[in-house]
$ cat final06.csv   # CSV, C-alpha atoms
chain,number,residue,atom,x,y,z
A,1,MET,CA,-2.6,-13.7,20.0
A,2,ALA,CA,-1.7,-16.3,17.4
A,3,PHE,CA,-1.0,-14.7,14.1
A,4,GLY,CA,-0.6,-17.9,12.1
A,5,LYS,CA,-3.8,-18.0,10.1
A,6,TRP,CA,-3.5,-14.5,8.9
A,7,ILE,CA,0.2,-14.1,8.2
A,8,GLY,CA,1.0,-17.7,7.7
A,9,GLY,CA,1.9,-19.1,4.3
A,10,ILE,CA,4.3,-16.3,3.5
A,11,VAL,CA,6.7,-17.6,0.9
A,12,GLY,CA,9.2,-16.0,-1.4
A,13,PHE,CA,11.1,-12.8,-0.7
A,14,MET,CA,9.8,-12.2,2.8
A,15,GLN,CA,11.4,-15.4,4.1
A,16,GLY,CA,14.7,-13.5,4.3
A,17,GLY,CA,16.1,-10.0,4.4
A,18,PRO,CA,15.0,-7.1,6.6
A,19,LEU,CA,11.3,-7.7,6.2
A,20,GLY,CA,11.7,-11.3,7.3
A,21,ALA,CA,13.8,-10.3,10.3
A,22,LEU,CA,11.2,-7.7,11.3
A,23,ALA,CA,8.4,-10.2,10.9
A,24,GLY,CA,10.3,-12.6,13.2
A,25,ILE,CA,10.5,-9.8,15.8
A,26,VAL,CA,6.9,-8.8,15.8
A,27,LEU,CA,5.3,-12.2,15.2
A,28,GLY,CA,7.6,-14.2,17.4
A,29,GLY,CA,8.1,-17.9,16.7
A,30,VAL,CA,4.9,-18.1,14.6
A,31,PHE,CA,6.7,-16.7,11.5
A,32,ASP,CA,9.5,-19.2,11.7
A,33,THR,CA,7.5,-22.3,12.5
A,34,MET,CA,4.3,-21.8,10.5
A,35,LEU,CA,5.5,-20.5,7.1
A,36,ASN,CA,4.3,-23.6,5.3
A,37,ALA,CA,2.0,-25.2,7.8
A,38,VAL,CA,-0.9,-22.8,8.6
A,39,ASN,CA,-2.6,-22.6,5.2
A,40,THR,CA,-5.5,-25.0,5.0
A,41,PRO,CA,-8.2,-25.6,2.4
A,42,GLU,CA,-10.5,-23.6,4.7
A,43,THR,CA,-8.2,-20.5,4.9
A,44,GLN,CA,-6.6,-20.4,1.5
A,45,GLY,CA,-8.2,-18.1,-1.0
A,46,THR,CA,-11.0,-16.9,1.2
A,47,PHE,CA,-11.6,-13.2,1.1
A,48,ASP,CA,-14.7,-11.0,1.5
A,49,GLY,CA,-16.4,-14.1,2.9
A,50,GLN,CA,-16.3,-15.9,-0.5
A,51,SER,CA,-14.4,-19.0,-1.3
A,52,GLY,CA,-12.2,-19.3,-4.3
A,53,TYR,CA,-10.4,-16.7,-6.4
A,54,ASP,CA,-8.9,-16.4,-9.9
A,55,THR,CA,-5.2,-16.8,-9.6
A,56,HIS,CA,-4.6,-17.0,-13.3
A,57,ALA,CA,-1.3,-18.7,-13.6
A,58,TYR,CA,-0.4,-18.4,-9.9
A,59,SER,CA,-0.3,-21.4,-7.6
A,60,THR,CA,-2.0,-21.2,-4.2
A,61,ASP,CA,1.3,-20.9,-2.4
A,62,SER,CA,2.5,-18.2,-4.8
A,63,TYR,CA,-0.7,-16.3,-4.5
A,64,GLN,CA,-0.8,-16.5,-0.7
A,65,GLY,CA,2.9,-15.6,-0.4
A,66,GLN,CA,2.5,-12.5,-2.6
A,67,ARG,CA,-0.6,-11.3,-0.8
A,68,ASN,CA,0.7,-11.8,2.7
A,69,SER,CA,4.1,-10.2,1.8
A,70,PHE,CA,2.2,-7.2,0.4
A,71,LEU,CA,0.0,-6.9,3.5
A,72,PHE,CA,2.9,-7.2,5.9
A,73,SER,CA,4.9,-4.7,3.9
A,74,MET,CA,1.9,-2.3,4.0
A,75,LEU,CA,1.8,-2.6,7.8
A,76,VAL,CA,5.5,-1.9,8.2
A,77,LEU,CA,5.3,1.2,6.0
A,78,SER,CA,2.1,2.3,7.6
A,79,SER,CA,3.8,2.1,11.1
A,80,TYR,CA,6.4,4.6,9.8
A,81,ILE,CA,3.9,7.0,8.2
A,82,ILE,CA,1.5,7.0,11.2
A,83,LYS,CA,4.3,7.9,13.6
A,84,ALA,CA,5.9,10.4,11.2
A,85,ASP,CA,4.1,13.4,12.9
A,86,GLY,CA,5.1,12.1,16.4
A,87,LYS,CA,1.6,10.8,17.3
A,88,VAL,CA,-0.7,7.9,16.6
A,89,MET,CA,-4.1,9.1,15.5
A,90,HIS,CA,-7.1,7.0,16.2
A,91,SER,CA,-8.5,7.7,12.7
A,92,GLU,CA,-5.4,6.4,11.1
A,93,MET,CA,-5.4,3.2,13.1
A,94,GLU,CA,-9.1,2.8,12.5
A,95,LEU,CA,-8.6,3.1,8.7
A,96,VAL,CA,-6.2,0.2,8.8
A,97,ARG,CA,-8.4,-1.8,11.1
A,98,ASN,CA,-11.5,-1.2,8.9
A,99,MET,CA,-9.6,-2.3,5.7
A,100,LEU,CA,-8.6,-5.5,7.4
A,101,ARG,CA,-12.0,-6.0,9.0
A,102,GLN,CA,-14.0,-5.5,5.8
A,103,ASN,CA,-11.9,-7.9,3.8
A,104,PHE,CA,-10.6,-10.5,6.2
A,105,GLY,CA,-12.9,-10.3,9.2
A,106,GLU,CA,-12.7,-9.2,12.8
A,107,VAL,CA,-9.8,-11.5,13.9
A,108,ALA,CA,-7.6,-10.2,11.1
A,109,SER,CA,-8.5,-6.6,12.1
A,110,GLN,CA,-7.4,-7.3,15.7
A,111,GLN,CA,-4.2,-9.1,14.6
A,112,GLY,CA,-3.3,-6.3,12.2
A,113,ASP,CA,-3.8,-3.8,15.0
A,114,GLU,CA,-1.6,-5.8,17.3
A,115,ILE,CA,1.1,-6.1,14.6
A,116,LEU,CA,1.1,-2.3,14.1
A,117,ARG,CA,1.4,-1.8,17.9
A,118,LYS,CA,4.3,-4.2,18.0
A,119,LEU,CA,5.9,-2.3,15.2
A,120,PHE,CA,5.5,0.9,17.2
A,121,ASP,CA,7.1,-0.9,20.2
A,122,GLU,CA,10.0,-1.9,18.0
A,123,GLN,CA,10.5,1.7,16.9
A,124,LYS,CA,10.5,2.8,20.5
A,125,ARG,CA,12.9,0.0,21.5
A,126,ILE,CA,15.6,0.7,18.8
A,127,GLY,CA,15.0,4.4,18.4
A,128,VAL,CA,13.5,6.5,15.6
A,129,GLN,CA,16.7,6.7,13.4
A,130,GLN,CA,17.4,3.0,13.6
A,131,PHE,CA,13.8,2.2,12.8
A,132,LYS,CA,13.9,4.6,9.8
A,133,ASN,CA,17.0,2.7,8.6
A,134,THR,CA,15.1,-0.6,9.0
A,135,VAL,CA,12.2,0.8,7.0
A,136,ALA,CA,14.5,2.0,4.3
A,137,ASP,CA,16.1,-1.4,4.1
A,138,CYS,CA,12.6,-3.0,3.9
A,139,CYS,CA,11.7,-0.6,1.1
A,140,ARG,CA,14.8,-1.6,-0.9
A,141,GLN,CA,13.8,-5.3,-0.5
A,142,ILE,CA,10.3,-4.4,-1.7
A,143,ALA,CA,11.7,-2.6,-4.7
A,144,MET,CA,13.7,-5.8,-5.7
A,145,ASN,CA,10.7,-8.1,-5.4
A,146,MET,CA,7.5,-6.2,-6.2
A,147,SER,CA,6.4,-4.8,-9.6
A,148,TYR,CA,6.1,-1.1,-10.0
A,149,ALA,CA,2.3,-1.4,-10.1
A,150,GLN,CA,2.3,-3.2,-6.7
A,151,ARG,CA,4.6,-0.5,-5.2
A,152,LEU,CA,2.2,2.2,-6.5
A,153,GLN,CA,-0.7,0.5,-4.7
A,154,LEU,CA,1.4,0.4,-1.5
A,155,LEU,CA,1.9,4.1,-1.8
A,156,ASN,CA,-1.8,4.6,-2.5
A,157,PHE,CA,-2.7,2.9,0.8
A,158,LEU,CA,-0.1,5.1,2.6
A,159,VAL,CA,-1.7,8.2,1.2
A,160,MET,CA,-5.2,7.0,2.2
A,161,ILE,CA,-3.9,6.4,5.8
A,162,SER,CA,-2.3,9.8,5.9
A,163,GLN,CA,-5.6,11.4,4.9
A,164,ALA,CA,-7.7,9.5,7.5
A,165,ASP,CA,-7.7,12.3,10.0
A,166,GLY,CA,-8.9,14.9,7.5
A,167,ARG,CA,-5.5,16.5,7.0
A,168,VAL,CA,-2.0,15.5,5.8
A,169,ASP,CA,0.8,16.7,7.9
A,170,ALA,CA,4.0,17.9,6.2
A,171,THR,CA,6.0,15.4,8.1
A,172,GLU,CA,3.8,12.6,6.7
A,173,VAL,CA,4.3,13.9,3.2
A,174,VAL,CA,8.1,13.8,3.7
A,175,ALA,CA,7.9,10.3,5.2
A,176,MET,CA,5.8,9.0,2.2
A,177,LYS,CA,8.2,10.6,-0.3
A,178,GLU,CA,11.1,8.9,1.5
A,179,CYS,CA,9.4,5.5,1.2
A,180,ALA,CA,8.7,6.2,-2.5
A,181,GLN,CA,12.4,7.0,-3.1
A,182,TRP,CA,13.6,4.0,-1.1
A,183,MET,CA,11.4,1.8,-3.3
A,184,GLN,CA,13.1,3.4,-6.3
A,185,MET,CA,10.1,5.5,-7.3
A,186,PRO,CA,9.9,9.3,-8.0
A,187,ALA,CA,8.7,11.3,-5.0
A,188,ALA,CA,6.3,13.0,-7.4
A,189,GLU,CA,4.2,9.9,-7.3
A,190,ILE,CA,3.0,11.1,-3.8
A,191,ASP,CA,2.2,14.5,-5.1
A,192,SER,CA,0.1,12.9,-7.9
A,193,MET,CA,-1.8,10.7,-5.4
A,194,LEU,CA,-2.5,13.6,-3.0
A,195,GLY,CA,-4.4,15.3,-5.9
A,196,LEU,CA,-6.7,12.3,-6.4
A,197,GLY,CA,-10.4,12.8,-5.5
A,198,LYS,CA,-10.3,16.6,-5.6
A,199,ASP,CA,-12.6,18.6,-7.8
A,200,ASP,CA,-10.4,21.6,-8.9
A,201,LEU,CA,-8.4,21.9,-12.1
A,202,GLU,CA,-5.1,22.5,-10.4
A,203,SER,CA,-5.4,19.2,-8.6
A,204,ALA,CA,-6.2,17.5,-11.9
A,205,TYR,CA,-3.0,18.7,-13.4
A,206,ARG,CA,-1.2,17.6,-10.2
A,207,VAL,CA,-2.6,14.1,-10.6
A,208,LEU,CA,-1.2,13.9,-14.2
A,209,GLY,CA,2.1,15.3,-13.0
A,210,VAL,CA,2.1,18.1,-15.6
A,211,SER,CA,1.8,21.9,-15.4
A,212,PRO,CA,-1.2,23.8,-16.8
A,213,GLN,CA,1.3,25.2,-19.4
A,214,ALA,CA,2.0,21.7,-20.8
A,215,SER,CA,1.1,21.1,-24.4
A,216,ASP,CA,-1.9,18.9,-25.3
A,217,GLU,CA,0.5,16.2,-26.5
A,218,GLU,CA,2.5,16.3,-23.2
A,219,VAL,CA,-0.8,16.0,-21.2
A,220,LYS,CA,-2.0,13.1,-23.3
A,221,LYS,CA,1.4,11.3,-22.9
A,222,ALA,CA,1.3,11.8,-19.1
A,223,TYR,CA,-2.2,10.3,-19.0
A,224,ARG,CA,-1.3,7.3,-21.1
A,225,ARG,CA,1.7,6.6,-18.7
A,226,LEU,CA,-0.6,6.9,-15.6
A,227,ALA,CA,-3.3,4.7,-17.2
A,228,LEU,CA,-0.7,2.0,-18.0
A,229,GLU,CA,1.0,2.1,-14.6
A,230,HIS,CA,-2.1,2.2,-12.5
A,231,HIS,CA,-4.3,-0.3,-14.4
A,232,PRO,CA,-6.1,-2.5,-11.8
A,233,ASP,CA,-5.3,-5.7,-13.7
A,234,LYS,CA,-1.7,-5.2,-12.7
A,235,VAL,CA,-2.5,-5.9,-9.0
A,236,ALA,CA,-5.2,-8.5,-9.6
A,237,SER,CA,-3.0,-11.3,-8.4
A,238,LEU,CA,-3.0,-9.7,-4.9
A,239,GLY,CA,-6.7,-10.2,-4.3
A,240,ASP,CA,-10.1,-8.7,-5.1
A,241,ASP,CA,-10.0,-6.1,-2.3
A,242,ILE,CA,-6.6,-4.7,-3.4
A,243,ARG,CA,-7.8,-4.7,-7.0
A,244,ARG,CA,-10.9,-2.7,-6.0
A,245,ALA,CA,-8.8,-0.1,-4.3
A,246,ALA,CA,-6.8,0.2,-7.5
A,247,GLU,CA,-10.0,0.5,-9.5
A,248,LYS,CA,-11.1,3.4,-7.4
A,249,LYS,CA,-7.8,5.1,-7.9
A,250,PHE,CA,-8.0,4.4,-11.6
A,251,GLN,CA,-11.4,6.1,-11.8
A,252,GLU,CA,-10.1,9.1,-10.0
A,253,ILE,CA,-7.2,9.4,-12.5
A,254,ASN,CA,-9.8,9.3,-15.3
A,255,ALA,CA,-11.9,11.9,-13.6
A,256,ALA,CA,-8.8,14.2,-13.5
A,257,LYS,CA,-8.2,13.5,-17.1
A,258,ASP,CA,-11.8,14.3,-18.0
A,259,LYS,CA,-11.6,17.7,-16.2
A,260,ILE,CA,-8.4,18.7,-18.1
A,261,TRP,CA,-9.8,17.5,-21.4
A,262,LYS,CA,-13.0,19.5,-20.8
A,263,ALA,CA,-11.0,22.6,-19.9
A,264,ARG,CA,-8.9,22.3,-23.0
A,265,GLY,CA,-11.7,21.3,-25.3
A,266,LEU,CA,-10.1,18.0,-26.2
$ encode --input "final06.csv" --output "structure tokens"
Amino acid sequence: MAFGKWIGGIVGFMQGGPLGALAGIVLGGVFDTMLNAVNTPETQGTFDGQSGYDTHAYSTDSYQGQRNSFLFSMLVLSSYIIKADGKVMHSEMELVRNMLRQNFGEVASQQGDEILRKLFDEQKRIGVQQFKNTVADCCRQIAMNMSYAQRLQLLNFLVMISQADGRVDATEVVAMKECAQWMQMPAAEIDSMLGLGKDDLESAYRVLGVSPQASDEEVKKAYRRLALEHHPDKVASLGDDIRRAAEKKFQEINAAKDKIWKARGL
């Protein structure tokens, strides 16, 4: 399958380093020969079936490069998380396929699925430990080139994938926390995200990263930090679909805050 129109146009940090090397392996010669050639007026800036997008101060190449680098990074990290418990669940694979299908169409869904399977093959070829080292190196490259907010959204997608089968295995939690730390982020970010969308007060405190014994001022400070770090505008340059995912997460953070505020009479 030709991957050019989906992954093509990658520019910037993914042209080199471990992510670029991994892209070369799983995408073959397409990555090397079509970096600057596959984006056409028909393929650039077309998402959700709509033409055009607000890039703010970003050029088309910068926008496409950021977006494709983010998506490929998501697939690399997803391949590590999905295999963390030693098996590939249909529900986890389907979540990734559906995300790509809904936002980029059936061809992108099929290509994303094939990229994931090639990543699984690479893990099998080089061994679990070497693949883990490769993912760690990729995470360090991500940390050097993505904003904290963009890295948070990567983690959010990983958490969503881990929850796709209705339960989160302990090995998946360990793998996600490894990715967070390799990307120079606290492992506690995973604990916070795992509390999102739940209706109990304990989970609400978990989202904010504070204990029920924290003072009102500590709770408010924790919420302000989360609201600033997770604001959807901070990932708007990556596309409307990624911004919508960030908006859903932001709403869940506010719901946790409201539950704590109500319990405390704030």
$ closest_atom_pairs --input "final06.csv" --of "segment 81-148 of chain A" --to "segment 227-236 of chain A" --cutoff "12 Å" --atoms "all atoms listed in the file" --output "tab-separated table"
residue	atom	partner	partner_atom	distance
A:Met146	CA	A:Val235	CA	10.4
A:Ser147	CA	A:Lys234	CA	8.7
A:Tyr148	CA	A:Glu229	CA	7.6
$ residues_around --input "final06.csv" --residues "segment 199-206 of chain A" --least-positions-apart "3" --cutoff "10 Å" --atoms "all atoms listed in the file" --output "MDAnalysis selection string"
chainID A and resid 188:189 191:196 209:214 219 222 252:260 263
$ residues_around --input "final06.csv" --residues "Ala175 of chain A" --least-positions-apart "2" --cutoff "12 Å" --atoms "only C-alpha atoms" --output "ChimeraX atom specification"
/A:77-86,132,135-136,155,158-159,162,168-173,177-182,187,190
$ closest_residue --input "final06.csv" --among "A:Lys198, A:Arg67, A:Arg140, A:Arg167" --to "Met89 of chain A" --atoms "all atoms listed in the file"
A:Arg167
$ closest_residue --input "final06.csv" --among "A:Ile161, A:Met74, A:Val107, A:Leu100" --to "Cys139 of chain A" --atoms "only C-alpha atoms"
A:Met74
$ atom_distance --input "final06.csv" --atom1 "atom CA of Ile142 of chain A" --atom2 "atom CA of Phe120 of chain A"
20.2 Å
$ atom_distance --input "final06.csv" --atom1 "atom CA of Ile25 of chain A" --atom2 "atom CA of Met185 of chain A"
27.7 Å
$ residues_near_point --input "final06.csv" --point "(11.1, -6.6, 14.0)" --cutoff "9 Å" --atoms "all atoms listed in the file" --output "PDB file with C-alpha atoms, in the coordinates of the input"
ATOM      1  CA  PRO A  18      15.000  -7.100   6.600  1.00  0.00           C
ATOM      2  CA  LEU A  19      11.300  -7.700   6.200  1.00  0.00           C
ATOM      3  CA  GLY A  20      11.700 -11.300   7.300  1.00  0.00           C
ATOM      4  CA  ALA A  21      13.800 -10.300  10.300  1.00  0.00           C
ATOM      5  CA  LEU A  22      11.200  -7.700  11.300  1.00  0.00           C
ATOM      6  CA  ALA A  23       8.400 -10.200  10.900  1.00  0.00           C
ATOM      7  CA  GLY A  24      10.300 -12.600  13.200  1.00  0.00           C
ATOM      8  CA  ILE A  25      10.500  -9.800  15.800  1.00  0.00           C
ATOM      9  CA  VAL A  26       6.900  -8.800  15.800  1.00  0.00           C
ATOM     10  CA  LEU A  27       5.300 -12.200  15.200  1.00  0.00           C
ATOM     11  CA  LYS A 118       4.300  -4.200  18.000  1.00  0.00           C
ATOM     12  CA  LEU A 119       5.900  -2.300  15.200  1.00  0.00           C
ATOM     13  CA  GLU A 122      10.000  -1.900  18.000  1.00  0.00           C
ATOM     14  CA  GLN A 123      10.500   1.700  16.900  1.00  0.00           C
ATOM     15  CA  THR A 134      15.100  -0.600   9.000  1.00  0.00           C
TER      16      THR A 134
END
$ closest_residue --input "final06.csv" --among "A:Gln153, A:Ser69, A:Gln163, A:Ser215" --to "Arg244 of chain A" --atoms "only C-alpha atoms"
A:Gln153
$ atom_distance --input "final06.csv" --atom1 "atom CA of Lys262 of chain A" --atom2 "atom CA of Phe157 of chain A"
29.1 Å
$ residues_around --input "final06.csv" --residues "His90 of chain A" --least-positions-apart "5" --cutoff "10 Å" --atoms "all atoms listed in the file" --output "MDAnalysis selection string"
chainID A and resid 82 95 164:165
$ closest_residue --input "final06.csv" --among "A:Glu218, A:Val76, A:Asp240, A:Leu208" --to "Asp137 of chain A" --atoms "all atoms listed in the file"
A:Val76
$ closest_residue --input "final06.csv" --among "A:Met93, A:Lys124, A:Met176, A:Gln150" --to "Gln110 of chain A" --atoms "only C-alpha atoms"
A:Met93
$ closest_residue --input "final06.csv" --among "A:Asp121, A:Asp216, A:Glu247, A:Glu114" --to "Leu75 of chain A" --atoms "all atoms listed in the file"
A:Glu114
$ build_atoms --input "final06.csv" --residues "segment 148-160 of chain A" --atoms "N, CA, C and O atoms" --output "PDB file, in the frame of the given file"
ATOM      1  N   TYR A 148       6.324  -2.507 -10.236  1.00  0.00           N
ATOM      2  CA  TYR A 148       6.100  -1.100 -10.000  1.00  0.00           C
ATOM      3  C   TYR A 148       4.624  -0.823  -9.694  1.00  0.00           C
ATOM      4  O   TYR A 148       4.323  -0.006  -8.818  1.00  0.00           O
ATOM      5  N   ALA A 149       3.720  -1.539 -10.339  1.00  0.00           N
ATOM      6  CA  ALA A 149       2.300  -1.400 -10.100  1.00  0.00           C
ATOM      7  C   ALA A 149       1.943  -1.727  -8.630  1.00  0.00           C
ATOM      8  O   ALA A 149       1.125  -1.069  -7.991  1.00  0.00           O
ATOM      9  N   GLN A 150       2.545  -2.785  -8.117  1.00  0.00           N
ATOM     10  CA  GLN A 150       2.300  -3.200  -6.700  1.00  0.00           C
ATOM     11  C   GLN A 150       2.843  -2.148  -5.760  1.00  0.00           C
ATOM     12  O   GLN A 150       2.210  -1.827  -4.744  1.00  0.00           O
ATOM     13  N   ARG A 151       4.003  -1.595  -6.079  1.00  0.00           N
ATOM     14  CA  ARG A 151       4.600  -0.500  -5.200  1.00  0.00           C
ATOM     15  C   ARG A 151       3.692   0.716  -5.273  1.00  0.00           C
ATOM     16  O   ARG A 151       3.531   1.396  -4.248  1.00  0.00           O
ATOM     17  N   LEU A 152       3.139   1.021  -6.432  1.00  0.00           N
ATOM     18  CA  LEU A 152       2.200   2.200  -6.500  1.00  0.00           C
ATOM     19  C   LEU A 152       1.018   1.954  -5.611  1.00  0.00           C
ATOM     20  O   LEU A 152       0.548   2.896  -4.958  1.00  0.00           O
ATOM     21  N   GLN A 153       0.506   0.725  -5.541  1.00  0.00           N
ATOM     22  CA  GLN A 153      -0.700   0.500  -4.700  1.00  0.00           C
ATOM     23  C   GLN A 153      -0.280   0.572  -3.218  1.00  0.00           C
ATOM     24  O   GLN A 153      -1.084   1.030  -2.401  1.00  0.00           O
ATOM     25  N   LEU A 154       0.927   0.170  -2.866  1.00  0.00           N
ATOM     26  CA  LEU A 154       1.400   0.400  -1.500  1.00  0.00           C
ATOM     27  C   LEU A 154       1.384   1.868  -1.160  1.00  0.00           C
ATOM     28  O   LEU A 154       0.910   2.281  -0.093  1.00  0.00           O
ATOM     29  N   LEU A 155       1.910   2.696  -2.068  1.00  0.00           N
ATOM     30  CA  LEU A 155       1.900   4.100  -1.800  1.00  0.00           C
ATOM     31  C   LEU A 155       0.495   4.671  -1.721  1.00  0.00           C
ATOM     32  O   LEU A 155       0.223   5.557  -0.892  1.00  0.00           O
ATOM     33  N   ASN A 156      -0.413   4.142  -2.523  1.00  0.00           N
ATOM     34  CA  ASN A 156      -1.800   4.600  -2.500  1.00  0.00           C
ATOM     35  C   ASN A 156      -2.412   4.344  -1.097  1.00  0.00           C
ATOM     36  O   ASN A 156      -3.120   5.209  -0.543  1.00  0.00           O
ATOM     37  N   PHE A 157      -2.155   3.169  -0.515  1.00  0.00           N
ATOM     38  CA  PHE A 157      -2.700   2.900   0.800  1.00  0.00           C
ATOM     39  C   PHE A 157      -2.043   3.836   1.858  1.00  0.00           C
ATOM     40  O   PHE A 157      -2.719   4.286   2.782  1.00  0.00           O
ATOM     41  N   LEU A 158      -0.752   4.150   1.702  1.00  0.00           N
ATOM     42  CA  LEU A 158      -0.100   5.100   2.600  1.00  0.00           C
ATOM     43  C   LEU A 158      -0.753   6.461   2.563  1.00  0.00           C
ATOM     44  O   LEU A 158      -0.978   7.109   3.601  1.00  0.00           O
ATOM     45  N   VAL A 159      -1.060   6.912   1.355  1.00  0.00           N
ATOM     46  CA  VAL A 159      -1.700   8.200   1.200  1.00  0.00           C
ATOM     47  C   VAL A 159      -3.099   8.185   1.834  1.00  0.00           C
ATOM     48  O   VAL A 159      -3.496   9.131   2.529  1.00  0.00           O
ATOM     49  N   MET A 160      -3.837   7.103   1.636  1.00  0.00           N
ATOM     50  CA  MET A 160      -5.200   7.000   2.200  1.00  0.00           C
ATOM     51  C   MET A 160      -5.076   7.053   3.768  1.00  0.00           C
ATOM     52  O   MET A 160      -5.893   7.712   4.432  1.00  0.00           O
TER      53      MET A 160
END
